[in-house]
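Student: Supplied structure: target.cif, mmCIF, C-alpha atoms.
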data_input
#
loop_
_atom_site.group_PDB
_atom_site.id
_atom_site.type_symbol
_atom_site.label_atom_id
_atom_site.label_comp_id
_atom_site.auth_asym_id
_atom_site.auth_seq_id
_atom_site.Cartn_x
_atom_site.Cartn_y
_atom_site.Cartn_z
ATOM 1 C CA MET A 1 17.454 -7.728 3.316
ATOM 2 C CA ASP A 2 21.115 -8.699 3.064
ATOM 3 C CA LEU A 3 23.675 -6.945 0.851
ATOM 4 C CA ARG A 4 23.478 -9.573 -1.885
ATOM 5 C CA SER A 5 19.686 -9.351 -2.212
ATOM 6 C CA SER A 6 19.896 -5.546 -2.093
ATOM 7 C CA GLU A 7 22.374 -5.501 -4.972
ATOM 8 C CA GLN A 8 20.213 -7.961 -6.923
ATOM 9 C CA ALA A 9 17.160 -5.737 -6.446
ATOM 10 C CA ALA A 10 19.109 -2.707 -7.623
ATOM 11 C CA ARG A 11 19.989 -4.243 -11.002
ATOM 12 C CA THR A 12 16.995 -6.457 -11.810
ATOM 13 C CA PRO A 13 16.210 -5.563 -15.453
ATOM 14 C CA LEU A 14 12.744 -5.391 -16.920
ATOM 15 C CA ARG A 15 12.245 -8.362 -19.226
ATOM 16 C CA SER A 16 12.145 -7.523 -22.924
ATOM 17 C CA THR A 17 9.030 -9.701 -23.261
ATOM 18 C CA ALA A 18 7.041 -7.614 -20.743
ATOM 19 C CA ASN A 19 4.099 -6.005 -22.533
ATOM 20 C CA ASN A 20 1.426 -5.538 -19.878
ATOM 21 C CA GLY A 21 1.739 -3.313 -16.814
ATOM 22 C CA LEU A 22 -0.700 -3.387 -13.902
ATOM 23 C CA LYS A 23 -0.837 -0.590 -11.348
ATOM 24 C CA ILE A 24 -1.663 -0.973 -7.648
ATOM 25 C CA VAL A 25 -1.679 1.790 -5.032
ATOM 26 C CA ILE A 26 -0.995 1.321 -1.316
ATOM 27 C CA VAL A 27 -2.778 3.940 0.782
ATOM 28 C CA GLY A 28 -3.286 4.598 4.457
ATOM 29 C CA GLY A 29 -2.536 6.973 7.274
ATOM 30 C CA PHE A 30 0.715 8.616 8.273
ATOM 31 C CA GLY A 31 3.367 6.170 9.508
ATOM 32 C CA VAL A 32 1.330 3.041 8.812
ATOM 33 C CA GLY A 33 4.082 1.255 6.830
ATOM 34 C CA LYS A 34 3.370 1.967 3.156
ATOM 35 C CA THR A 35 7.001 2.760 2.295
ATOM 36 C CA THR A 36 8.115 -0.299 4.264
ATOM 37 C CA MET A 37 5.768 -2.553 2.285
ATOM 38 C CA VAL A 38 6.948 -1.251 -1.091
ATOM 39 C CA ARG A 39 10.572 -1.721 -0.033
ATOM 40 C CA SER A 40 10.022 -5.237 1.281
ATOM 41 C CA VAL A 41 8.343 -6.610 -1.824
ATOM 42 C CA SER A 42 9.852 -4.717 -4.776
ATOM 43 C CA GLU A 43 12.248 -6.601 -7.064
ATOM 44 C CA ILE A 44 14.072 -3.349 -7.841
ATOM 45 C CA ARG A 45 15.506 -0.745 -5.525
ATOM 46 C CA PRO A 46 12.373 1.342 -4.883
ATOM 47 C CA LEU A 47 12.089 4.958 -5.865
ATOM 48 C CA SER A 48 11.376 6.806 -2.645
ATOM 49 C CA THR A 49 10.554 10.448 -1.936
ATOM 50 C CA GLU A 50 11.180 10.187 1.792
ATOM 51 C CA GLU A 51 12.481 13.298 3.486
ATOM 52 C CA THR A 52 13.643 13.922 7.036
ATOM 53 C CA MET A 53 10.899 15.267 9.249
ATOM 54 C CA THR A 54 11.647 18.757 10.556
ATOM 55 C CA ARG A 55 10.149 21.258 12.947
ATOM 56 C CA ALA A 56 8.081 22.584 10.032
ATOM 57 C CA GLY A 57 5.757 19.596 10.419
ATOM 58 C CA VAL A 58 5.189 20.081 14.147
ATOM 59 C CA GLY A 59 1.535 20.873 14.744
ATOM 60 C CA ILE A 60 0.684 19.924 11.139
ATOM 61 C CA ASP A 61 1.496 16.212 10.939
ATOM 62 C CA ASP A 62 -0.126 14.175 13.699
ATOM 63 C CA ALA A 63 2.653 11.872 14.958
ATOM 64 C CA ALA A 64 0.686 10.390 17.849
ATOM 65 C CA GLY A 65 1.553 6.706 18.102
ATOM 66 C CA VAL A 66 4.544 7.010 15.750
ATOM 67 C CA GLN A 67 6.738 9.415 17.680
ATOM 68 C CA ASP A 68 9.900 7.520 16.666
ATOM 69 C CA LYS A 69 9.281 8.191 12.965
ATOM 70 C CA THR A 70 12.023 10.428 11.527
ATOM 71 C CA THR A 71 11.228 10.451 7.787
ATOM 72 C CA THR A 72 8.096 10.891 5.717
ATOM 73 C CA THR A 73 6.994 10.395 2.107
ATOM 74 C CA VAL A 74 6.315 13.707 0.352
ATOM 75 C CA ALA A 75 5.172 12.450 -3.078
ATOM 76 C CA PHE A 76 5.037 8.659 -3.535
ATOM 77 C CA ASP A 77 7.035 5.442 -3.364
ATOM 78 C CA PHE A 78 7.437 3.241 -6.425
ATOM 79 C CA GLY A 79 8.364 -0.421 -6.784
ATOM 80 C CA ARG A 80 8.012 -3.221 -9.324
ATOM 81 C CA ILE A 81 7.261 -6.960 -9.397
ATOM 82 C CA SER A 82 7.397 -9.192 -12.483
ATOM 83 C CA LEU A 83 4.415 -11.552 -12.327
ATOM 84 C CA ASN A 84 5.448 -13.571 -15.388
ATOM 85 C CA GLU A 85 7.237 -13.138 -18.744
ATOM 86 C CA GLN A 86 4.668 -10.629 -20.013
ATOM 87 C CA MET A 87 3.031 -9.061 -16.969
ATOM 88 C CA VAL A 88 4.550 -6.511 -14.564
ATOM 89 C CA LEU A 89 2.994 -5.114 -11.396
ATOM 90 C CA TYR A 90 3.811 -1.499 -10.544
ATOM 91 C CA LEU A 91 3.398 -0.470 -6.909
ATOM 92 C CA PHE A 92 2.777 3.090 -5.770
ATOM 93 C CA GLY A 93 2.811 4.024 -2.087
ATOM 94 C CA ALA A 94 0.775 7.177 -1.421
ATOM 95 C CA PRO A 95 1.809 9.802 1.154
ATOM 96 C CA GLY A 96 -0.141 9.570 4.387
ATOM 97 C CA GLN A 97 -0.256 13.130 5.724
ATOM 98 C CA GLU A 98 -3.402 15.150 5.128
ATOM 99 C CA ARG A 99 -1.426 17.961 3.464
ATOM 100 C CA PHE A 100 -0.429 15.573 0.653
ATOM 101 C CA TRP A 101 -3.838 13.992 0.075
ATOM 102 C CA PHE A 102 -4.340 16.156 -3.027
ATOM 103 C CA LEU A 103 -1.868 13.806 -4.773
ATOM 104 C CA TRP A 104 -4.046 10.744 -4.259
ATOM 105 C CA ASP A 105 -6.533 11.367 -7.073
ATOM 106 C CA ARG A 106 -3.666 11.535 -9.575
ATOM 107 C CA LEU A 107 -2.123 8.334 -8.209
ATOM 108 C CA PHE A 108 -5.491 6.600 -8.580
ATOM 109 C CA MET A 109 -5.585 7.233 -12.349
ATOM 110 C CA GLY A 110 -5.168 3.954 -14.227
ATOM 111 C CA THR A 111 -5.048 1.949 -10.999
ATOM 112 C CA LEU A 112 -6.365 -1.617 -11.019
ATOM 113 C CA GLY A 113 -6.997 -1.775 -7.272
ATOM 114 C CA ALA A 114 -5.667 -0.677 -3.913
ATOM 115 C CA VAL A 115 -4.438 -1.895 -0.552
ATOM 116 C CA VAL A 116 -5.513 0.097 2.490
ATOM 117 C CA LEU A 117 -2.817 -0.453 5.102
ATOM 118 C CA VAL A 118 -4.051 0.164 8.640
ATOM 119 C CA ASP A 119 -2.482 0.432 12.071
ATOM 120 C CA THR A 120 -4.854 -0.194 14.978
ATOM 121 C CA ARG A 121 -3.004 2.469 17.003
ATOM 122 C CA ARG A 122 -4.304 5.051 14.501
ATOM 123 C CA LEU A 123 -7.331 3.383 12.966
ATOM 124 C CA ALA A 124 -9.239 6.606 12.294
ATOM 125 C CA ASP A 125 -6.479 7.645 9.853
ATOM 126 C CA SER A 126 -7.769 4.957 7.481
ATOM 127 C CA TRP A 127 -11.253 6.405 7.052
ATOM 128 C CA TYR A 128 -10.221 8.995 4.476
ATOM 129 C CA ALA A 129 -8.454 6.384 2.333
ATOM 130 C CA ILE A 130 -11.506 4.115 2.344
ATOM 131 C CA ASP A 131 -13.803 7.049 1.583
ATOM 132 C CA ARG A 132 -11.713 8.169 -1.420
ATOM 133 C CA LEU A 133 -11.496 4.648 -2.844
ATOM 134 C CA GLU A 134 -15.249 4.184 -2.529
ATOM 135 C CA HIS A 135 -15.744 7.605 -4.143
ATOM 136 C CA HIS A 136 -13.665 6.477 -7.128
ATOM 137 C CA GLY A 137 -15.399 3.092 -7.226
ATOM 138 C CA MET A 138 -12.005 1.407 -6.935
ATOM 139 C CA PRO A 139 -11.759 -2.169 -5.619
ATOM 140 C CA PHE A 140 -9.619 -2.544 -2.512
ATOM 141 C CA ILE A 141 -8.679 -4.798 0.354
ATOM 142 C CA VAL A 142 -7.631 -3.851 3.879
ATOM 143 C CA ALA A 143 -4.455 -5.153 5.516
ATOM 144 C CA ARG A 144 -3.722 -4.655 9.212
ATOM 145 C CA ASN A 145 0.002 -4.059 9.656
ATOM 146 C CA ASN A 146 1.173 -5.790 12.821
ATOM 147 C CA PHE A 147 4.363 -3.995 13.784
ATOM 148 C CA ASP A 148 3.921 -5.072 17.382
ATOM 149 C CA GLY A 149 1.617 -8.061 16.953
ATOM 150 C CA PRO A 150 -2.202 -8.098 16.734
ATOM 151 C CA VAL A 151 -4.102 -6.571 19.627
ATOM 152 C CA HIS A 152 -7.733 -6.700 18.531
ATOM 153 C CA PRO A 153 -9.582 -9.443 16.638
ATOM 154 C CA LEU A 154 -9.941 -8.682 12.929
ATOM 155 C CA GLU A 155 -13.723 -8.609 13.220
ATOM 156 C CA GLN A 156 -13.420 -5.709 15.679
ATOM 157 C CA VAL A 157 -11.310 -3.886 13.118
ATOM 158 C CA ARG A 158 -13.918 -4.612 10.442
ATOM 159 C CA ASP A 159 -16.656 -3.195 12.654
ATOM 160 C CA ALA A 160 -14.601 -0.118 13.550
ATOM 161 C CA LEU A 161 -13.978 0.629 9.850
ATOM 162 C CA SER A 162 -17.576 -0.246 8.852
ATOM 163 C CA LEU A 163 -16.276 -2.626 6.194
ATOM 164 C CA SER A 164 -18.787 -4.750 4.331
ATOM 165 C CA ASP A 165 -18.298 -8.516 4.423
ATOM 166 C CA ASP A 166 -17.251 -8.623 0.763
ATOM 167 C CA ILE A 167 -14.097 -6.543 1.361
ATOM 168 C CA PRO A 168 -11.166 -8.797 2.348
ATOM 169 C CA LEU A 169 -9.467 -7.924 5.650
ATOM 170 C CA ILE A 170 -6.179 -9.667 6.434
ATOM 171 C CA ASP A 171 -3.174 -9.441 8.744
ATOM 172 C CA CYS A 172 0.348 -8.702 7.558
ATOM 173 C CA ASP A 173 3.797 -7.555 8.593
ATOM 174 C CA ALA A 174 4.946 -4.974 6.044
ATOM 175 C CA ARG A 175 8.573 -5.618 6.993
ATOM 176 C CA GLN A 176 8.402 -9.198 5.707
ATOM 177 C CA ARG A 177 8.572 -9.864 1.951
ATOM 178 C CA ASP A 178 6.422 -13.006 2.056
ATOM 179 C CA SER A 179 3.786 -11.265 4.148
ATOM 180 C CA SER A 180 3.655 -8.265 1.798
ATOM 181 C CA LYS A 181 3.453 -10.601 -1.195
ATOM 182 C CA ALA A 182 0.493 -12.355 0.447
ATOM 183 C CA VAL A 183 -1.300 -9.005 0.665
ATOM 184 C CA LEU A 184 -0.814 -8.342 -3.053
ATOM 185 C CA ILE A 185 -1.936 -11.877 -3.908
ATOM 186 C CA ALA A 186 -5.077 -11.338 -1.814
ATOM 187 C CA LEU A 187 -5.808 -8.158 -3.763
ATOM 188 C CA VAL A 188 -5.297 -9.873 -7.124
ATOM 189 C CA LYS A 189 -7.637 -12.713 -6.059
ATOM 190 C CA HIS A 190 -10.217 -10.140 -4.973
ATOM 191 C CA LEU A 191 -9.976 -8.348 -8.312
ATOM 192 C CA TYR A 192 -10.300 -11.641 -10.167
ATOM 193 C CA ALA A 193 -13.385 -12.595 -8.133
ATOM 194 C CA LEU A 194 -15.007 -9.236 -8.879
ATOM 195 C CA SER A 195 -14.222 -9.565 -12.577
ATOM 196 C CA SER A 196 -15.650 -13.095 -12.691
ATOM 197 C CA ALA A 197 -18.806 -11.953 -10.909
ATOM 198 C CA ARG A 198 -19.319 -9.144 -13.433
ATOM 199 C CA GLU A 199 -18.857 -11.535 -16.361
ATOM 200 C CA SER A 200 -21.380 -14.010 -14.948
ATOM 201 C CA THR A 201 -24.046 -11.312 -14.643
ATOM 202 C CA SER A 202 -23.438 -9.728 -18.060
#
Output the file's structure in the form of structure tokens.

Tutor:
Amino acid sequence: MDLRSSEQAARTPLRSTANNGLKIVIVGGFGVGKTTMVRSVSEIRPLSTEETMTRAGVGIDDAAGVQDKTTTTVAFDFGRISLNEQMVLYLFGAPGQERFWFLWDRLFMGTLGAVVLVDTRRLADSWYAIDRLEHHGMPFIVARNNFDGPVHPLEQVRDALSLSDDIPLIDCDARQRDSSKAVLIALVKHLYALSSARESTS
């Protein structure tokens, strides 16, 4: 993001006509790119609770595969996207370390749906996120974040995560705004499809 777009994001006002807020949560393991996704797609300068990683986390936070990571989210990230004149999408990025998982249930309150961001280098870190979402009965999609390009076919990822065929699984690059937007659009389409299916059976 260049300086001009950064300044624009910092001062983008909420429209006075906005009267409907939708909440989406981005979850996943430690270092998977949740903060990066919120930053790349938010129209405002995101609220971030990132802190520098210290020796206190050694032996507690599993940094295997993300040894170059120097900061970590300790509460949540927050961003915003205006969908139209009346509707606003609020994005919350959940912390990935196990010691902060107790915050997730509170972040899930009032949430329309979720994105599970996964990294194939640490795929097992995604199981808890999927389990909690299923426990809450919350609709979600899964997005594989390709920091270094895809390695395994998506169907192998689906099998490894035991995802049913009705849960969308897509590729993305959380560093790219258009790619992150495509993930959110995929979630909205999934939510719409689920809503339409419920209406047709009621």

Student: For a test of reading the model, state the distance in Å between CA of Glu199 in chain A and CA of Ile26 in chain A, rounded to one decimal.

Tutor: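 Interatomic distance, CA of Glu199 in chain A to CA of Ile26 in chain A: 26.7 Å.
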
Student: Could you check how far CA of Ser179 in chain A sits from CA of Ala18 in chain A, in Å to one decimal?

Tutor: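 CA of Ala18 in chain A lies 25.4 Å from CA of Ser179 in chain A.
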
Student: Might you pull out every residue within 12 Å of Arg175 in chain A, with only C-alpha atoms counted and same-chain residues fewer than 5 positions away left off, and present them as a PyMOL selection string?

Tutor: chain A and resi 1+32-42+145-148+180-181

Student: Running the PyMOL selection byres ((chain A and resi 109-125) around 7) on this model by hand, what would come out? Give it as a list in words.

Tutor: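 Going through the file, the PyMOL selection byres ((chain A and resi 109-125) around 7) ends up selecting Leu22, Lys23, Ile24, Val25, Ile26, Val27, Gly28, Gly29, Val32, Lys34, Gly65, Asp105, Arg106, Leu107, Phe108, Ser126, Trp127, Tyr128, Ala129, Met138, Pro139, Phe140, Ile141, Val142, Ala143, Arg144 and Asn145 of chain A.
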
Student: Quick one: pull the distance between CA of Leu154 in chain A and CA of Ile167 in chain A, Å, one decimal.

Tutor: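 Between CA of Leu154 in chain A and CA of Ile167 in chain A the gap works out to 12.5 Å.
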
Student: May I ask which of the residues A:His136, A:Arg15, A:Lys189, A:Arg80 is the closest one to Pro46 in chain A, counting only C-alpha atoms?

Tutor: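 For Pro46 in chain A, the nearest of the candidates is A:Arg80.
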
Student: Restricting the calculation to all atoms listed in the file, which member of A:Asp171, A:Phe30, A:Gly137, A:Asn84 is positioned closest to Pro153 in chain A?

Tutor: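 Counting all atoms listed in the file, the residue closest to Pro153 in chain A is A:Asp171.
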
Student: Might you pull out every residue within 12 Å of Ser164 in chain A, with all atoms listed in the file counted and same-chain residues fewer than 5 positions away left off, and present them as a list in words?

Tutor: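 The residues that qualify are Ile130, Glu134, Phe140, Ile141, Val142, Glu155, Val157, Arg158, Asp159 and Leu169 of chain A.
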
Student: Restricting the output to C-alpha atoms, write the selected residues as a PDB file, keeping the file's coordinate frame.

Tutor:
ATOM      1  CA  ILE A 130     -11.506   4.115   2.344  1.00  0.00           C
ATOM      2  CA  GLU A 134     -15.249   4.184  -2.529  1.00  0.00           C
ATOM      3  CA  PHE A 140      -9.619  -2.544  -2.512  1.00  0.00           C
ATOM      4  CA  ILE A 141      -8.679  -4.798   0.354  1.00  0.00           C
ATOM      5  CA  VAL A 142      -7.631  -3.851   3.879  1.00  0.00           C
ATOM      6  CA  GLU A 155     -13.723  -8.609  13.220  1.00  0.00           C
ATOM      7  CA  VAL A 157     -11.310  -3.886  13.118  1.00  0.00           C
ATOM      8  CA  ARG A 158     -13.918  -4.612  10.442  1.00  0.00           C
ATOM      9  CA  ASP A 159     -16.656  -3.195  12.654  1.00  0.00           C
ATOM     10  CA  LEU A 169      -9.467  -7.924   5.650  1.00  0.00           C
TER      11      LEU A 169
END

Student: Considering all atoms listed in the file, return as a JSON list (two decimals) with C-alpha atoms, keeping the file's coordinate frame whatever protein or nucleic-acid residues lie within 7 Å of Met87 in chain A, sequence-local ones (same chain, fewer than 6 positions apart) excluded.

Tutor:
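So the final result, stored in selection_26.json, reads:
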[["chain", "number", "residue", "atom", "x", "y", "z"],
["A", 18, "ALA", "CA", 7.04, -7.61, -20.74],
["A", 19, "ASN", "CA", 4.10, -6.00, -22.53],
["A", 20, "ASN", "CA", 1.43, -5.54, -19.88],
["A", 21, "GLY", "CA", 1.74, -3.31, -16.81]]

Student: Please give the centre and size of the box around range 135-151 of chain A (axis-aligned, containing every atom listed in the file, 4 Å added per side), with values in Å to one decimal and written as AutoDock Vina command-line options.

Tutor:
--center_x -5.7 --center_y -0.2 --center_z 6.2 --size_x 28.1 --size_y 23.7 --size_z 34.9
